[in-house]
Every structure is written in structure tokens, then in C-alpha cells.
Amino acid sequence: MKSGSIAIVGAAETTELGKIPNMSQIQLHADAALNAMSDCGLKPKDIDGIACAAEWPTDLAHYLGITPSWVDGTMVGGCSFMIHLRHAAAAINEGLCTTVLITHGESGRSWIGSKAMGNNQASLGGQFEIPYGCLGPPTLFTIPVLRYMKDRGLSHEQLANVAVVQREWASMNPRATHREPITVEDVFASKMIAYPFHILECCLVTDGGGALILTTAERARDFPNQPVYILGTGESVETPMISQMQDFTSSKAFKVSGQTAFREAGISHSDVDHLMVYDAFAHLPIYGLEDLGFVKPGEAGDFIWERNTAPGGSLPMNTNGGGLSYMHSGMYGMYALQESVRQMRGIAPAQVKDASTSVCHGVGGMFGASSTIIMSNEAP
Amino acid sequence: MAVNPKTLPKPTPETQHFWEGSRVGQLLLQQCDSCQHIYFPPRPFCPDCASRSVTIFQASGKGRLYSYIINHRPPRWIEAPYSIAVVELDEGPRMMSNIVEVEQTPEALILDMPLEVVFDAVTDDITLVKFKPASTGNEA
């Protein structure tokens with residue numbers, strides 16, 4: 001995309017987060033969409049492009065009363081919304097539409113109006129991974145970390161510390177699911193899920209949703225909120241099978257996506273004031289910091305331990321508390337985007353002072369897909 | 001490990017040879033005739049150079065423990081804790097498996113330990129490829 005040509009003008013999460021048994025999944029999409037439209041003063045008739053994952057764009061268009069001239073239903077897991085944002089920016093610049101609504105809603109905890117994806121026993125994963133007792137992300141996403149720990153020298157304390165630091169951020173956020181401070185010892189004392197991961201190193205399971213509205217940077221000035229400009233975007237995919245990930249200490253999709261976004265934005269790492277790295281499990285921010293190039297391979301554990309990403313640090317990361325403490329409905333990318341937007345608007349509960357550039361990095365599947373969005377509150 | 005029919009492999013035309021091999025105690029890999037790349041999981045073409053000329057061959061069955069987790073939250077048909085491991089075969093490719101005939105503890109499961117294949121006939125049709133600590137001098 002052309003750097004700075006597109007802006008986010010509307011952004012909102014569902015009214016409630018956490019346990020929402022009184023709403024179906026499509027209504028979570030709608031609740032977030034109505035909040036985002038109200039945030040920027042638009043109505044369904046003003047929207048001419050839509051994108052969503054898990055629900056079909058067709059269902060969403062009908063439910064919300066939108067007649068789009070552009071749709072995107074890309075579904076590659078939790079970073080799908082970042083990829084939607086990238087595609088939407090390109091589509092607006094190409095003149096395919098003018099105003100795009102991206103929605104997410106997920107009844108990940110209450111399971112109202114949503115259905116499990118199920119196991120395709122004939123897929124390569126269904127034949128060559130699932131039969132070995134793999135049962136969802138805790139038994140798959142976690143597998144590379146022991147190899148990382150041996151090759152890069154990461155300690156169990158440093159892995160646990162990722163959750164400890166993010167809880168510090170969550171403690172400042174009234175909407176976070178867990179706000180009580182924790183220690184490394186608390187993490188070690190918590191229930192073992194899949195060695196070496198304790199439950200406090202695994203994400204929450206919640207209900208919720210979020211929505212974003214994008215238009216051209218030129219038009220963005222006419223909206224009520226501080227526009228959040230898109231400086232750079234990236235995307236890639238690697239493999240649906242964690243056992244076939246090329247390098248267990250680094251994600252190829254992270255690197256391709258991150259490098260593309262930084263190149264597009266034309267910024268350097270020292271320009272970044274705020275960072276979100278999708279944290280389904282405690283090792284993801286470590287891979288993210290290294291694969292995005294903020295630190296060298298093997299340095300991320302120390303970098304977090306030395307409080308660089310903690311409140312008051314040089315690179316505030318996962319300032320909403322992350323998937324580990326804020327919320328995680330299954331596909332977390334939308335909530336990372338929402339926190340980046342809040343930070344750029346200057347309205348985050350744990351606001352980073354004078355932050356003007358935010359990097360928001362997502363994962364889909366088990367290191368299977370990735371997307372990176374770089375935002376700024378300064379007009380290009 | 002007990003079996004849930006919904007988590008058993010369903011062979012396809014492209015993978016049938018692998019499951020026929022494991023049923024008779026052979027771990028089968030594929031090698032590209034054009035670029036010599038050895039790969040897994042099965043496909044009737046080389047994922048490196050796209051050649052359709054590939055040869056199925058029997059692997060040594062030796063490898064090393066590349067990475068793993070120990071699952072403490074089992075599905076109801078499996079007794080926990082149990083390891084889910086990625087094995088790096090001596091021929092190069094990696095594959096998901098379980099490490100058996102050894103305590104399922106971090107102390108007993110040491111990264112890079114040499115392993116050898118065992119065949120677990122979970123049904124009449126499906127034999128899963130698993131691994132155990134190597135018995136003798138396998139310098140993986």
C-alpha cells in the first residue's frame with residue numbers, strides 16, 4: 001500500500017468483554033460494528049466494503065444491512081483482521097470502495113451461535129499430527145519452545161516473566177480479565193498445561209469482538225476522532241503443521257510480514273514508541289521481538305527481563321495486558337489492533353506518553369500465518 | 001495410548017503408500033529424482049523444485065528428539081501425562097510423533113537424544129509411527 005494514504009477513523013470493541021452468554025457470535029460482530037460506526041458517526045449505508053473471518057461476509061452484510069462493492073473473507077486464524085486491513089487499504093487506493101468495515105466477534109467461551117472447526121482426518125495435519133494426541137493450541141503452538149530454549153539459552157524464569165510483565169500492564173486496565181499482580185513463582189505454582197507451559201503462560205478463553213472503519217487519509221480529517229494513519233503493512237503464511245515449521249527458533253511468516261511492513265513504512269526500529277505482539281502463549285512476544293528485528297536472536301528473554309517492555313521501559317509492549325491477561329476469544333488480532341488505535345488516539349487506560357508510532361504484529365494458526373500493521377497519529 | 005476413531009488418519013491417494021508401509025513395519029519417505037531433496041509429509045511431487053519424478057524409499061528409522069511438550073490435559077481416551085514430540089530423522093525431514101518406552105518426564109526426555117522407530121498398530125488399517133530411545137550407538 002501507499003504509506004500514509006489510508007486511516008482508521010472508527011474503532012471499538014464489543015460493549016462487554018469476557019463472558020457474554022446473552023449474545024450469539026454474529027451479534028458480537030454487530031455489537032462491535034455498531035459501536036465502531038457510532039464512534040465515527042457513520043451508518044450502514046455509508047459502508048461500501050466489508051471484511052470478516054469465522055463468519056461469512058455474506059452473513060455480516062445481510063445482518064448489518066450493508067450493500068458492499070468490495071468484500072474480503074480471508075481466514076488464516078487470529079491475524080486475519082490485520083490482513084483484512086492490509087487488503088482494505090489496497091482496495092480503497094485502487095478505487096474499489098471508499099469506506100471499509102472490518103469486524104470480529106467470537107463466542108470463544110460461551111459458544112453461542114459458533115461452531116468448532118473440527119478435525120479433517122484426511123488433511124496432512126489430520127493424518128500426521130492430530131493422531132499423536134494433539135488437542136488444540138496448547139499441545140501444538142507450544143512445541144517449538146524447548147528447542148528455542150536449548151538453542152538460544154532462554155530460561156524457564158524468562159518465559160514465565162513474559163506473563164508477569166504483561167500482568168503489570170493489565171493491572172492498569174479496568175477492562176482486563178486478570179488485574180492482580182503475579183510473580184515468576186506464581187507462574188511456576190500454577191497448573192501445568194503442557195510442559196513447559198503453565199496455565200499463566202497460556203492465553204485466556206473469553207467472548208468478545210471488535211471492529212474498525214477505514215477510509216482515505218484525505219477524508220479522515222472530516223471525522224470526529226484523531227485519525228490513525230496506516231504507515232506500513234505486511235502478510236505471509238508458512239505451514240498449517242507446526243512440525244513442519246522450517247526453523248523452530250524463528251517464524252518465517254513473522255520475518256516476511258515484519259520486513260514488508262517496515263520497508264513500506266520507511267521507518268526504523270528506533271522510531272517505534274509502542275508495540276503489540278500477539279501473545280496466545282508466553283513465547284510469542286519473544287519470537288516477535290526477534291523476528292521483527294527489535295533485538296537479535298536470543299536476546300528477547302533478557303530484553304523483557306530488563307524491563308524494556310514493562311511500564312516505564314523503552315519499548316512498551318502489549319499494554320492492554322495481552323491475550324495472557326486482557327482477553328483472548330480465540331482469534332486475538334482484532335484486540336491487538338484496538339489497543340494500537342487507542343494508544344495512537346491517546347486514550348488507552350495505560351497510555352504511553354507522547355507515543356506517535358505503533359507496530360501491531362499478529363499470528364494465525366500455530367505460527368502458520370502472520371500480518372504486521374504499522375500506525376501513526378501524525379498526518380503524512 | 002487408546003484410540004478415538006475421530007482422530008485417526010484417513011489416508012488419501014497421495015499418502016496411501018505411507019500407511020501401507022507403516023502397517024508392515026516400514027517408515028517410508030520420498031526423494032526427488034531431479035534435485036535429490038528428501039521430504040515429508042507425502043506428496044506426489046517435490047516441494048522444492050516441483051518435479052513430479054519422485055521415488056519412495058525406506059528410511060533408516062533413526063533420528064533425534066528435536067522438540068516436545070508433555071501434555072497434562074489429556075483427551076479422555078488418553079492417559080496423561082504423555083509426550084507429543086517432533087523427531088528429526090537422520091534423512092533430514094521432521095515428523096510429529098510420541099516418544100514411548102520411556103518415562104514421560106523432562107528428566108528422561110532429553111533434547112537431541114537418539115531415537116529409533118517403533119510401529120504402533122492402533123487399528124487393523126492404521127499403524128502409527130512412534131519412537132523410543134535408541135538401543136545402541138545411534139549418533140544422531
# chains A, B, ... in the order shown; residues from 1 in each chain; ligands from 1
>>> residues_around(residues="stretch 63-67 of chain A", least_positions_apart="5", cutoff="12 Å", atoms="only C-alpha atoms", output="compact mmCIF listing (two decimals) with C-alpha atoms, in the first residue's frame")
# COMPACT_ATOMS: atom_id res chain seq x y z
CA GLN A 25 -21.33 -14.79 17.60
CA ILE A 26 -22.90 -12.79 14.73
CA GLN A 27 -24.36 -10.37 17.28
CA LEU A 28 -20.87 -9.89 18.78
CA HIS A 29 -19.76 -8.82 15.27
CA ALA A 30 -22.76 -6.48 15.08
CA ASP A 31 -22.30 -5.06 18.59
CA ALA A 32 -18.69 -4.14 17.77
CA ALA A 33 -19.69 -2.81 14.32
CA LEU A 34 -22.47 -0.62 15.74
CA MET A 37 -20.00 3.20 13.39
CA LEU A 42 -21.42 6.54 10.11
CA LYS A 43 -24.43 4.37 9.25
CA PRO A 44 -24.55 1.03 7.40
CA LYS A 45 -25.46 2.86 4.15
CA ASP A 46 -22.14 4.74 4.37
CA ILE A 47 -20.12 1.47 4.34
CA ASP A 48 -19.24 0.05 0.90
CA GLY A 49 -16.61 -2.53 1.85
CA ILE A 50 -16.68 -5.30 4.47
CA ALA A 51 -14.27 -7.93 5.75
CA GLU A 55 -18.45 -15.58 9.86
CA TRP A 56 -19.09 -15.19 6.12
CA PRO A 57 -19.06 -11.61 4.78
CA THR A 58 -22.43 -12.52 3.24
CA CYS A 97 -14.56 1.08 -2.35
CA THR A 99 -15.22 3.08 3.43
CA VAL A 100 -14.41 -0.36 4.81
CA LEU A 101 -15.77 -2.04 7.94
CA THR A 103 -15.43 -6.87 12.14
>>> interface_residues(of="chain B", to="chain A", cutoff="6 Å", atoms="only C-alpha atoms", output="list in words")
Thr7, Leu8, Pro9, Lys10, Ser67, Tyr68, Ile69, Ile70, Asn71, His72, Arg73, Met95, Met96 and Ser97 of chain B
>>> select_by_dssp(residues="chain B", states="strand (DSSP E or B)", output="ChimeraX atom specification")
/B:28-32,38-39,54-58,62-71,82-89,94-97,99,114-121,127-133
>>> closest_residue(among="A:Gln158, A:Thr15, A:Thr215, A:Ser38", to="A:Ala88", atoms="only C-alpha atoms")
A:Thr215
>>> residues_around(residues="B:Arg94", least_positions_apart="5", cutoff="9 Å", atoms="only C-alpha atoms", output="ChimeraX atom specification")
/A:243-244 /B:39-41,63,66,86-89
>>> residues_around(residues="A:Met317", least_positions_apart="4", cutoff="7 Å", atoms="only C-alpha atoms", output="PyMOL selection string")
chain A and resi 274-276+309-310
>>> select_by_dssp(residues="stretch 141-199 of chain A", states="helix (DSSP H, G or I)", output="number ranges by chain")
A: 145-152, 156-170, 184-189, 199
>>> closest_residue(among="B:Glu14, B:Glu116, B:Glu103, B:Asp48", to="B:Thr136", atoms="only C-alpha atoms")
B:Glu116
>>> residues_around(residues="B:Pro42", least_positions_apart="3", cutoff="12 Å", atoms="only C-alpha atoms", output="PyMOL selection string")
(chain A and resi 123-125+127-128) or (chain B and resi 11-19+27-32+38-39+45-47+54-57+93+95)
